[in-house]
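Read the structure below first, then the notes.
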Amino acid sequence: MMTRTLTPRRRGRTLGVVSLATLTALVLSAGIAATSAQAAGSTLQAAAAESGRYFGTAIAANKLSDTAYTTIANREFNMVTAENEMKLDATEPNQNQFNFTNGDRIVSWARSNGKQVRGHTLAWHSQQPGWMQNMSGSALRSAMLNHVTQVATHYRGQIHSWDVVNEAFADGSSGARRDSNLQRTGNDWIEAAFRAARAADPNAKLCYNDYNTDNWSHAKTQAVYNMVRDFKSRGVPIDCVGFQAHFNSGNPVPSNYHTTLGNFAALGVDVQITELDIAGSGTSQAEQYRGIVQACLAVSRCTGISVWGVRDSDSWRSGDTPLLFDGNGNKKLAYNYTLDALNAGGTGNPQPGDGCTVTVTRAEEWSDRFNVSLAVSGSSTWRVAIQLQGAQSLQNSWNATVSGTSGTLTATPNGNGNSFGITVYKNGSTTLPTATCSTT
Ligand code: XIL
């Protein structure tokens, strides 16, 4: 089941709005209390769409002729950000002479493939054209506002969300604005940019986008939070906050990420993870990707995740191998963990009224097969239906009685408790099987 809604929705459990009497009647009449039972999404965009979210990537116009690149991008992602082509130096190389050629190529590719577009970015201290770098004061303020108006007007109606202002706060403990020619035009430059963007494209969501704003206890995070709170209280038009999420050992994924996302969302804005990449490899990298997905899924107003490129070789930090596909376009372990986390659709914790809940976890993997660990909670008398994916088949099982070898397997207790496992031959599919639990 795939449901697209304007705001993210959890799959399955809507028990909060079902009365106890109704629930009891349903359980009694069905004889079971089933948990969520949807098919797993086999691509990032399909898995994210199950909860009404998008999954996006940065796209570079000069790679649109690379079919290996566009095949992956088209299959996996439903949101596109121009990596450089809508920036100030690209769109206004000479003052008042606009060039939308490459930005338009990306929008056209996205739209012809049914994807939405994040606009990036209207006002930024970096990647300014030379003429703008040399300006200051009221002339720069006017030129900046004209740029915002012209670019947002050109793309009016075609942009899901605009990064109106990018990276306007300083790193470190000051909590101050970043010094820049734009900042020196006056502290109100950010809200002026947002007002100009709203006037030019009233239907685009308007975002403030930054990095190093992931850890809730960091001064920069607090400073951005205070600005957004101030904007909301004064009616400055802001709809969303983008978290770039460029992570590495010096800037690791914080353990309080869901707190940060949740606190921003509570101000009445959407939050989006806009430029995700995580330096590393193997299980460590994969677990960090999973943590990011889980943090987003835990916050209903976290409406989507975009990674900053398709393959490691496409990354602005290619030496960090920070993306979900290797240079040959193969899915990395980080991809599998990301897809699994999207398909798990939340915390997997049992909810009131569930007869039993089963969690499914990927374990050891070999070239031809992999292990799957399953853990039941909520009941000791259960039956678990395991949906193998594609042509997968069962090789082995332990700590439960498992019947069937392909398609849907059935597992019941064999006296070894509530945790059991299976080994699955891939036969072409590494997608994690899904499972549902019912009480017997
Ligand atoms: C990067 C691009 O990926 C590079 O190709 C370019 O040379 C520099 O900019 N934060 C942002 C993005 O908001 O625009 C940056 O993109 C990465 C950091």
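Here, A, B, ... name the chains of the structure tokens in the order displayed, residue numbers run from 1 inside each chain, and ligands are numbered from 1 in the same displayed order.
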Taking only C-alpha atoms and all ligand atoms into account, report as a PyMOL selection string which residues have an atom no farther than 10 Å from an atom of ligand 1. chain A and resi 58-60+81-87+120-121+124+126-127+163+165-167+209-211+242-246+274-276+308-309+314-317
So that I can check the surroundings of A:Tyr337, please list as a VMD selection string every protein, DNA and RNA residue that reaches within 12 Å of it, counting only C-alpha atoms and ignoring chain neighbours fewer than 6 positions away. chain A and resid 44 47 282 to 294 324 331 343 to 344 360 to 363 430 to 432
Can I get the selected residues back with C-alpha atoms, as an mmCIF file, in the first residue's frame?
```cif
data_model
loop_
_atom_site.group_PDB
_atom_site.id
_atom_site.type_symbol
_atom_site.label_atom_id
_atom_site.label_comp_id
_atom_site.auth_asym_id
_atom_site.auth_seq_id
_atom_site.Cartn_x
_atom_site.Cartn_y
_atom_site.Cartn_z
ATOM 1 C CA LEU A 44 14.235 4.480 -1.427
ATOM 2 C CA ALA A 47 9.876 3.031 1.017
ATOM 3 C CA GLY A 282 30.649 -0.726 6.179
ATOM 4 C CA THR A 283 28.527 -1.280 9.239
ATOM 5 C CA SER A 284 29.529 1.927 11.007
ATOM 6 C CA GLN A 285 28.430 4.081 8.095
ATOM 7 C CA ALA A 286 25.292 2.009 7.567
ATOM 8 C CA GLU A 287 24.247 2.321 11.206
ATOM 9 C CA GLN A 288 24.638 6.092 11.072
ATOM 10 C CA TYR A 289 22.418 6.263 7.983
ATOM 11 C CA ARG A 290 19.865 4.138 9.829
ATOM 12 C CA GLY A 291 20.006 6.525 12.792
ATOM 13 C CA ILE A 292 19.273 9.503 10.553
ATOM 14 C CA VAL A 293 16.293 7.773 8.953
ATOM 15 C CA GLN A 294 14.920 6.748 12.340
ATOM 16 C CA LEU A 324 24.567 5.046 -0.743
ATOM 17 C CA LYS A 331 24.088 -0.605 -3.490
ATOM 18 C CA ASN A 343 10.381 0.191 5.483
ATOM 19 C CA ALA A 344 10.288 -0.348 9.241
ATOM 20 C CA VAL A 360 12.981 -7.957 11.536
ATOM 21 C CA THR A 361 16.696 -7.231 11.463
ATOM 22 C CA ARG A 362 19.321 -7.903 8.833
ATOM 23 C CA ALA A 363 22.266 -9.913 10.185
ATOM 24 C CA THR A 430 18.886 -8.362 -1.015
ATOM 25 C CA THR A 431 15.692 -6.654 0.162
ATOM 26 C CA LEU A 432 14.933 -7.489 3.774
#
```
Given only C-alpha atoms as the counted atoms, nearest of A:Thr439, A:Gln133, A:Ser313, A:Asn94 to A:Thr357: A:Thr439
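Minimum atom-to-atom distances from A:Lys220, A:Cys296, A:Ser281, A:Thr91 to A:Ser249 were compared using only C-alpha atoms, and the lowest value belongs to A:Ser281.
Using only C-alpha atoms for every distance, the candidate list A:Leu394, A:Val236, A:Leu140, A:Val307 yields A:Val307 as the residue closest to A:Val80.
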Could you list, as a ChimeraX atom specification, every residue within 7 Å of stretch 405-418 of chain A, counting only C-alpha atoms and ignoring same-chain residues fewer than 5 positions away? /A:375-376,380,382-388,392-394,399-400
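Here atom CA of A:Cys207 and atom CA of A:Val310 stand 23.0 Å from one another.
Shortest atom-to-atom contact with A:Gln158 among A:Arg198, A:Arg141, A:Arg177, A:Lys115: A:Lys115, counting only C-alpha atoms.
Reported to one decimal place, the separation of atom CA of A:Asn78 from atom CA of A:Ser108 is 13.6 Å.
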Backbone DSSP call of helix (DSSP H, G or I) for stretch 86-197 of chain A, listed as a VMD selection string: chain A and resid 88 to 91 101 to 112 130 to 133 137 to 154 183 to 185 189 to 197
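Using only C-alpha atoms, the nearest neighbour of A:Ser51 within the list A:Met135, A:Ala341, A:Leu267, A:Val164 is A:Ala341.
Distance check against A:Lys232 using only C-alpha atoms: of A:Pro202, A:Gly268, A:Gly137, A:Pro254, the minimum falls on A:Gly268.
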Have a look at atom CA of A:Asp320 and atom CA of A:Phe247 and let me know their distance in Å, one decimal. 10.0 Å
Test item: residues at most 10 Å from A:Asn62, only C-alpha atoms, excluding those fewer than 6 positions along its chain, as a count of residues only: 4
